[in-house]
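The next block holds one structure in the form of structure tokens; read it before the comments.
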Amino acid sequence: MSLIVMKFGGSSVGTPDRMRHVAGRILARQREGHDIVVVVSAMGDTTDDLIDLSKQLNPNPPAREMDMLLTTGEQVSIALLAMTIQAMGGEAMSLTGWQAGITTEPVHGRAKIADIAPDRVHAGLKEGRIVIVAGFQGVTEAGEITTLGRGGSDTTAVALAAALNADLCEIYTDVDGVYSTDPRVVRNARKLDAITYDEMLELAHLGAAVLHPRAVEYAKQYNVTLVVRSSFTDREGTQVKEEAAMEQGIVVRGIAYDKNVARISIMGVEDVPGVLAKVFGALADAGIDVDIIVQSGVQDGKADFSFTVSGDVVDAAMQVIEEVRGAVPYREATSESGLVKVSIVGAGMVSNPGVAAQMFQTISGLGVNIKMVSTSEIKVSCVIDAEPLNDVVRALHTAYGLDTNEQAFVGGPQVRR
Ligand code: ADP
Ligand code: ASP
Ligand code: MG
């Protein structure tokens, strides 16, 4: 008998009808003869709504209380899904993150899973039940409730699949697989039969919301067989695995974008050893992740440099820059929000030198200015203004030969958002 972990995202369980539909799919899978563990997210836009609600009462809510609040969304889903399955004649039980034995590091808002002791999951399965676990949440050793970061239910599913030694982890969502880019932006995007862990990891880190980056990391680390597929159709999804064949003549597997980028520039910094270490050390101490860093030429012993951070933390980052001014004197620091980062990803890029140049030509051909660039063996990223983003993504998609003649599947006919 095989064990399957099935994960359903928020839009897949957003209404009672959808909840029933999902329950039906779970029961059908069980009837095929598998043991089933389900991971589920909060219904629809619940998490966003809870965040909005909290902001009305405290513009800067404490991280501990945010986790306490946001985990309620998943707790609603697991209970409703379990009772829906019971109503349809199945045997199901719900478990919160801590009941499922998911321990995390003591960090609020984006905790990493430290350990999973899924005794109660095993016990439920042994009794013949479908075990439904709340995604996105865990508990610290000290008993504090934590969350894994936005989109983190994918990570719960993959980590559980690894801990349970499951045969398969299926991520059910509102598109029918991983596409060459967000099919909401490019309707004739290319659905991928398979993608490598490394490429998916890169796409996820660069903004492709379809999988949480840490879920892909765990899948790679523990060799979890991972499939992304639709909640609403039976079409085959996309396999995420160690190796995936590339179509002849295609070097770029996918295009991702991150819509929430800010650039900070520090001008007129003394060009002496240790300056970068002090600035980025202080940002790291404040828990601020820095992405692209560019240092420009030195003039009169003074240097300018720029770097990007998430738009959410730009104010906090500017405050840190102000605080280090005593240790690192500079002439001026500025910030620019509302930028986006668009990236191309493909494992074959390293052996195809013209790929980056083609990206720059395509973007500049639209009259769009590239503000920053960063490259690795399997990706090139450009920071640009937000306004032309969709046009840039579409032009790149065409330039790299990724367009198809088919319309991507987004949502479902009877269950469109
Ligand atoms: P869920 O609630 O099921 O977790 P998400 O909204 O987190 O769903 O992720 C699915 C969404 O990811 C899709 O609706 C799609 O707009 C977006 N997406 C971004 N990039 C891609 C891609 N390359 N392939 C498929 N979907 C993508
Ligand atoms: N409900 C959480 C979120 O909206 C977790 C998830 O959906 O994966 O981010
Ligand atoms: Mg998601």
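Labels used: A, B, ... for chains in the order of the structure tokens, numbers from 1 for residues in each chain, and numbers from 1 for ligands as shown.
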
As a PyMOL selection string, which residues of stretch 278-376 of chain A does DSSP assign to strand (DSSP E or B)? chain A and resi 293-299+302-310+332-345+372-376

Could you pull out all residues of stretch 120-316 of chain A with a DSSP call of helix (DSSP H, G or I) and give them as a ChimeraX atom specification? /A:120-126,153-163,197-205,213-222,275-285,311-316

Min atom-atom distance to A:Thr156 from the set A:Lys112, A:Lys278, A:Arg25, A:Arg190, counting only C-alpha atoms, belongs to A:Lys112

Nearby residues, ligand 2, 6 Å, only C-alpha atoms and all ligand atoms, as a CSV table (one decimal) with N, CA and C atoms, in the first residue's frame:
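pocket01.csv, written as the output of this step:
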chain,number,residue,atom,x,y,z
A,9,GLY,N,-4.3,24.2,-2.0
A,9,GLY,CA,-4.1,25.6,-1.7
A,9,GLY,C,-5.4,26.3,-1.4
A,10,GLY,N,-5.3,27.6,-1.0
A,10,GLY,CA,-6.5,28.4,-0.5
A,10,GLY,C,-7.6,28.5,-1.5
A,41,SER,N,-4.5,24.7,3.1
A,41,SER,CA,-4.3,26.1,3.4
A,41,SER,C,-5.5,26.8,3.9
A,42,ALA,N,-5.4,28.0,4.3
A,42,ALA,CA,-6.6,28.8,4.7
A,42,ALA,C,-7.5,29.0,3.5
A,47,THR,N,-6.0,34.6,4.7
A,47,THR,CA,-4.8,35.1,5.3
A,47,THR,C,-4.6,36.6,5.1
A,136,PHE,N,1.4,25.4,6.9
A,136,PHE,CA,1.9,26.8,7.2
A,136,PHE,C,2.3,27.0,8.6
A,150,ARG,N,4.7,33.2,4.0
A,150,ARG,CA,3.6,33.1,3.0
A,150,ARG,C,3.8,32.0,2.0
A,151,GLY,N,2.7,31.3,1.7
A,151,GLY,CA,2.8,30.2,0.8
A,151,GLY,C,3.4,28.9,1.4
A,152,GLY,N,3.6,28.9,2.7
A,152,GLY,CA,4.3,27.9,3.4
A,152,GLY,C,3.6,26.5,3.5
A,153,SER,N,2.4,26.5,3.2
A,153,SER,CA,1.7,25.1,3.2
A,153,SER,C,2.3,24.1,2.3
A,154,ASP,N,2.9,24.6,1.2
A,154,ASP,CA,3.6,23.7,0.3
A,154,ASP,C,4.7,23.0,1.1

Nearby residues, ligand 1, 6 Å, only C-alpha atoms and all ligand atoms, as a PDB file with all heavy atoms, in the first residue's frame:
ATOM      1  N   GLY A   9      -4.313  24.216  -1.962  1.00  0.00           N
ATOM      2  CA  GLY A   9      -4.110  25.630  -1.660  1.00  0.00           C
ATOM      3  C   GLY A   9      -5.422  26.335  -1.367  1.00  0.00           C
ATOM      4  O   GLY A   9      -6.504  25.774  -1.534  1.00  0.00           O
ATOM      5  N   GLY A  10      -5.307  27.600  -0.963  1.00  0.00           N
ATOM      6  CA  GLY A  10      -6.456  28.382  -0.497  1.00  0.00           C
ATOM      7  C   GLY A  10      -7.581  28.480  -1.508  1.00  0.00           C
ATOM      8  O   GLY A  10      -8.765  28.325  -1.150  1.00  0.00           O
ATOM      9  N   SER A  11      -7.260  28.711  -2.789  1.00  0.00           N
ATOM     10  CA  SER A  11      -8.343  28.889  -3.756  1.00  0.00           C
ATOM     11  C   SER A  11      -9.045  27.562  -4.034  1.00  0.00           C
ATOM     12  O   SER A  11     -10.198  27.544  -4.461  1.00  0.00           O
ATOM     13  CB  SER A  11      -7.818  29.517  -5.051  1.00  0.00           C
ATOM     14  OG  SER A  11      -6.817  28.707  -5.592  1.00  0.00           O
ATOM     15  N   GLY A 151       2.741  31.298   1.730  1.00  0.00           N
ATOM     16  CA  GLY A 151       2.833  30.185   0.786  1.00  0.00           C
ATOM     17  C   GLY A 151       3.413  28.923   1.409  1.00  0.00           C
ATOM     18  O   GLY A 151       3.674  27.934   0.719  1.00  0.00           O
ATOM     19  N   THR A 173      -3.451  22.861  -7.077  1.00  0.00           N
ATOM     20  CA  THR A 173      -3.612  24.313  -7.047  1.00  0.00           C
ATOM     21  C   THR A 173      -4.576  24.770  -8.139  1.00  0.00           C
ATOM     22  O   THR A 173      -5.331  23.963  -8.685  1.00  0.00           O
ATOM     23  CB  THR A 173      -2.218  24.991  -7.120  1.00  0.00           C
ATOM     24  OG1 THR A 173      -2.373  26.399  -7.001  1.00  0.00           O
ATOM     25  CG2 THR A 173      -1.483  24.643  -8.409  1.00  0.00           C
ATOM     26  N   ASP A 174      -4.586  26.079  -8.438  1.00  0.00           N
ATOM     27  CA  ASP A 174      -5.575  26.607  -9.388  1.00  0.00           C
ATOM     28  C   ASP A 174      -5.034  26.690 -10.816  1.00  0.00           C
ATOM     29  O   ASP A 174      -5.667  27.264 -11.685  1.00  0.00           O
ATOM     30  CB  ASP A 174      -6.112  27.965  -8.908  1.00  0.00           C
ATOM     31  CG  ASP A 174      -5.016  28.995  -8.733  1.00  0.00           C
ATOM     32  OD1 ASP A 174      -3.834  28.677  -8.994  1.00  0.00           O
ATOM     33  OD2 ASP A 174      -5.335  30.134  -8.341  1.00  0.00           O
ATOM     34  N   VAL A 175      -3.835  26.170 -11.060  1.00  0.00           N
ATOM     35  CA  VAL A 175      -3.332  25.990 -12.425  1.00  0.00           C
ATOM     36  C   VAL A 175      -2.968  24.497 -12.541  1.00  0.00           C
ATOM     37  O   VAL A 175      -2.838  23.832 -11.522  1.00  0.00           O
ATOM     38  CB  VAL A 175      -2.090  26.877 -12.715  1.00  0.00           C
ATOM     39  CG1 VAL A 175      -2.500  28.325 -12.855  1.00  0.00           C
ATOM     40  CG2 VAL A 175      -1.034  26.734 -11.625  1.00  0.00           C
ATOM     41  N   GLY A 177      -0.298  22.944 -13.515  1.00  0.00           N
ATOM     42  CA  GLY A 177       1.100  22.541 -13.489  1.00  0.00           C
ATOM     43  C   GLY A 177       1.990  23.759 -13.432  1.00  0.00           C
ATOM     44  O   GLY A 177       1.511  24.893 -13.291  1.00  0.00           O
ATOM     45  N   VAL A 178       3.284  23.512 -13.547  1.00  0.00           N
ATOM     46  CA  VAL A 178       4.246  24.606 -13.607  1.00  0.00           C
ATOM     47  C   VAL A 178       4.375  24.992 -15.084  1.00  0.00           C
ATOM     48  O   VAL A 178       4.566  24.127 -15.938  1.00  0.00           O
ATOM     49  CB  VAL A 178       5.618  24.177 -13.045  1.00  0.00           C
ATOM     50  CG1 VAL A 178       6.618  25.320 -13.159  1.00  0.00           C
ATOM     51  CG2 VAL A 178       5.483  23.695 -11.603  1.00  0.00           C
ATOM     52  N   TYR A 179       4.241  26.267 -15.347  1.00  0.00           N
ATOM     53  CA  TYR A 179       4.350  26.768 -16.725  1.00  0.00           C
ATOM     54  C   TYR A 179       5.677  27.497 -16.903  1.00  0.00           C
ATOM     55  O   TYR A 179       6.363  27.826 -15.924  1.00  0.00           O
ATOM     56  CB  TYR A 179       3.193  27.726 -17.013  1.00  0.00           C
ATOM     57  CG  TYR A 179       1.889  27.042 -17.352  1.00  0.00           C
ATOM     58  CD1 TYR A 179       1.099  26.488 -16.348  1.00  0.00           C
ATOM     59  CD2 TYR A 179       1.455  26.938 -18.662  1.00  0.00           C
ATOM     60  CE1 TYR A 179      -0.101  25.856 -16.651  1.00  0.00           C
ATOM     61  CE2 TYR A 179       0.257  26.310 -18.982  1.00  0.00           C
ATOM     62  CZ  TYR A 179      -0.513  25.773 -17.976  1.00  0.00           C
ATOM     63  OH  TYR A 179      -1.691  25.145 -18.287  1.00  0.00           O
ATOM     64  N   SER A 180       5.963  27.810 -18.172  1.00  0.00           N
ATOM     65  CA  SER A 180       7.195  28.538 -18.484  1.00  0.00           C
ATOM     66  C   SER A 180       7.195  29.937 -17.861  1.00  0.00           C
ATOM     67  O   SER A 180       8.249  30.527 -17.671  1.00  0.00           O
ATOM     68  CB  SER A 180       7.356  28.632 -19.995  1.00  0.00           C
ATOM     69  OG  SER A 180       6.137  29.076 -20.561  1.00  0.00           O
ATOM     70  N   THR A 181       6.022  30.467 -17.574  1.00  0.00           N
ATOM     71  CA  THR A 181       5.913  31.684 -16.765  1.00  0.00           C
ATOM     72  C   THR A 181       4.513  31.720 -16.192  1.00  0.00           C
ATOM     73  O   THR A 181       3.699  30.827 -16.463  1.00  0.00           O
ATOM     74  CB  THR A 181       6.231  32.952 -17.582  1.00  0.00           C
ATOM     75  OG1 THR A 181       6.392  34.052 -16.666  1.00  0.00           O
ATOM     76  CG2 THR A 181       5.116  33.289 -18.573  1.00  0.00           C
ATOM     77  N   ASP A 182       4.205  32.738 -15.396  1.00  0.00           N
ATOM     78  CA  ASP A 182       2.886  32.825 -14.783  1.00  0.00           C
ATOM     79  C   ASP A 182       1.818  32.853 -15.884  1.00  0.00           C
ATOM     80  O   ASP A 182       1.753  33.807 -16.658  1.00  0.00           O
ATOM     81  CB  ASP A 182       2.808  34.096 -13.930  1.00  0.00           C
ATOM     82  CG  ASP A 182       1.512  34.154 -13.128  1.00  0.00           C
ATOM     83  OD1 ASP A 182       0.577  33.406 -13.453  1.00  0.00           O
ATOM     84  OD2 ASP A 182       1.449  34.961 -12.186  1.00  0.00           O
ATOM     85  N   ARG A 184      -1.112  33.567 -15.823  1.00  0.00           N
ATOM     86  CA  ARG A 184      -2.035  34.716 -15.738  1.00  0.00           C
ATOM     87  C   ARG A 184      -1.482  35.904 -16.520  1.00  0.00           C
ATOM     88  O   ARG A 184      -2.217  36.816 -16.883  1.00  0.00           O
ATOM     89  CB  ARG A 184      -2.243  35.134 -14.281  1.00  0.00           C
ATOM     90  CG  ARG A 184      -3.070  34.141 -13.516  1.00  0.00           C
ATOM     91  CD  ARG A 184      -3.239  34.544 -12.059  1.00  0.00           C
ATOM     92  NE  ARG A 184      -3.584  33.374 -11.292  1.00  0.00           N
ATOM     93  CZ  ARG A 184      -4.827  32.918 -11.147  1.00  0.00           C
ATOM     94  NH1 ARG A 184      -5.843  33.557 -11.685  1.00  0.00           N
ATOM     95  NH2 ARG A 184      -5.052  31.820 -10.452  1.00  0.00           N
ATOM     96  N   ALA A 208       8.196  32.929  -8.592  1.00  0.00           N
ATOM     97  CA  ALA A 208       7.103  32.092  -9.128  1.00  0.00           C
ATOM     98  C   ALA A 208       6.326  31.493  -7.951  1.00  0.00           C
ATOM     99  O   ALA A 208       6.814  30.614  -7.263  1.00  0.00           O
ATOM    100  CB  ALA A 208       7.662  30.990 -10.022  1.00  0.00           C
ATOM    101  N   ALA A 209       5.115  31.986  -7.741  1.00  0.00           N
ATOM    102  CA  ALA A 209       4.369  31.658  -6.514  1.00  0.00           C
ATOM    103  C   ALA A 209       3.878  30.217  -6.467  1.00  0.00           C
ATOM    104  O   ALA A 209       3.416  29.764  -5.430  1.00  0.00           O
ATOM    105  CB  ALA A 209       3.164  32.591  -6.394  1.00  0.00           C
ATOM    106  N   VAL A 210       3.993  29.503  -7.569  1.00  0.00           N
ATOM    107  CA  VAL A 210       3.343  28.202  -7.643  1.00  0.00           C
ATOM    108  C   VAL A 210       3.887  27.189  -6.632  1.00  0.00           C
ATOM    109  O   VAL A 210       3.161  26.313  -6.178  1.00  0.00           O
ATOM    110  CB  VAL A 210       3.371  27.679  -9.106  1.00  0.00           C
ATOM    111  CG1 VAL A 210       4.781  27.414  -9.587  1.00  0.00           C
ATOM    112  CG2 VAL A 210       2.496  26.471  -9.288  1.00  0.00           C
TER     113      VAL A 210
END

Polymer residues at most 9 Å from stretch 305-309 of chain A, only C-alpha atoms, same-chain spacing of 2 or more positions, as a PyMOL selection string: chain A and resi 260-269+288-297+303+311-314+317+372+383
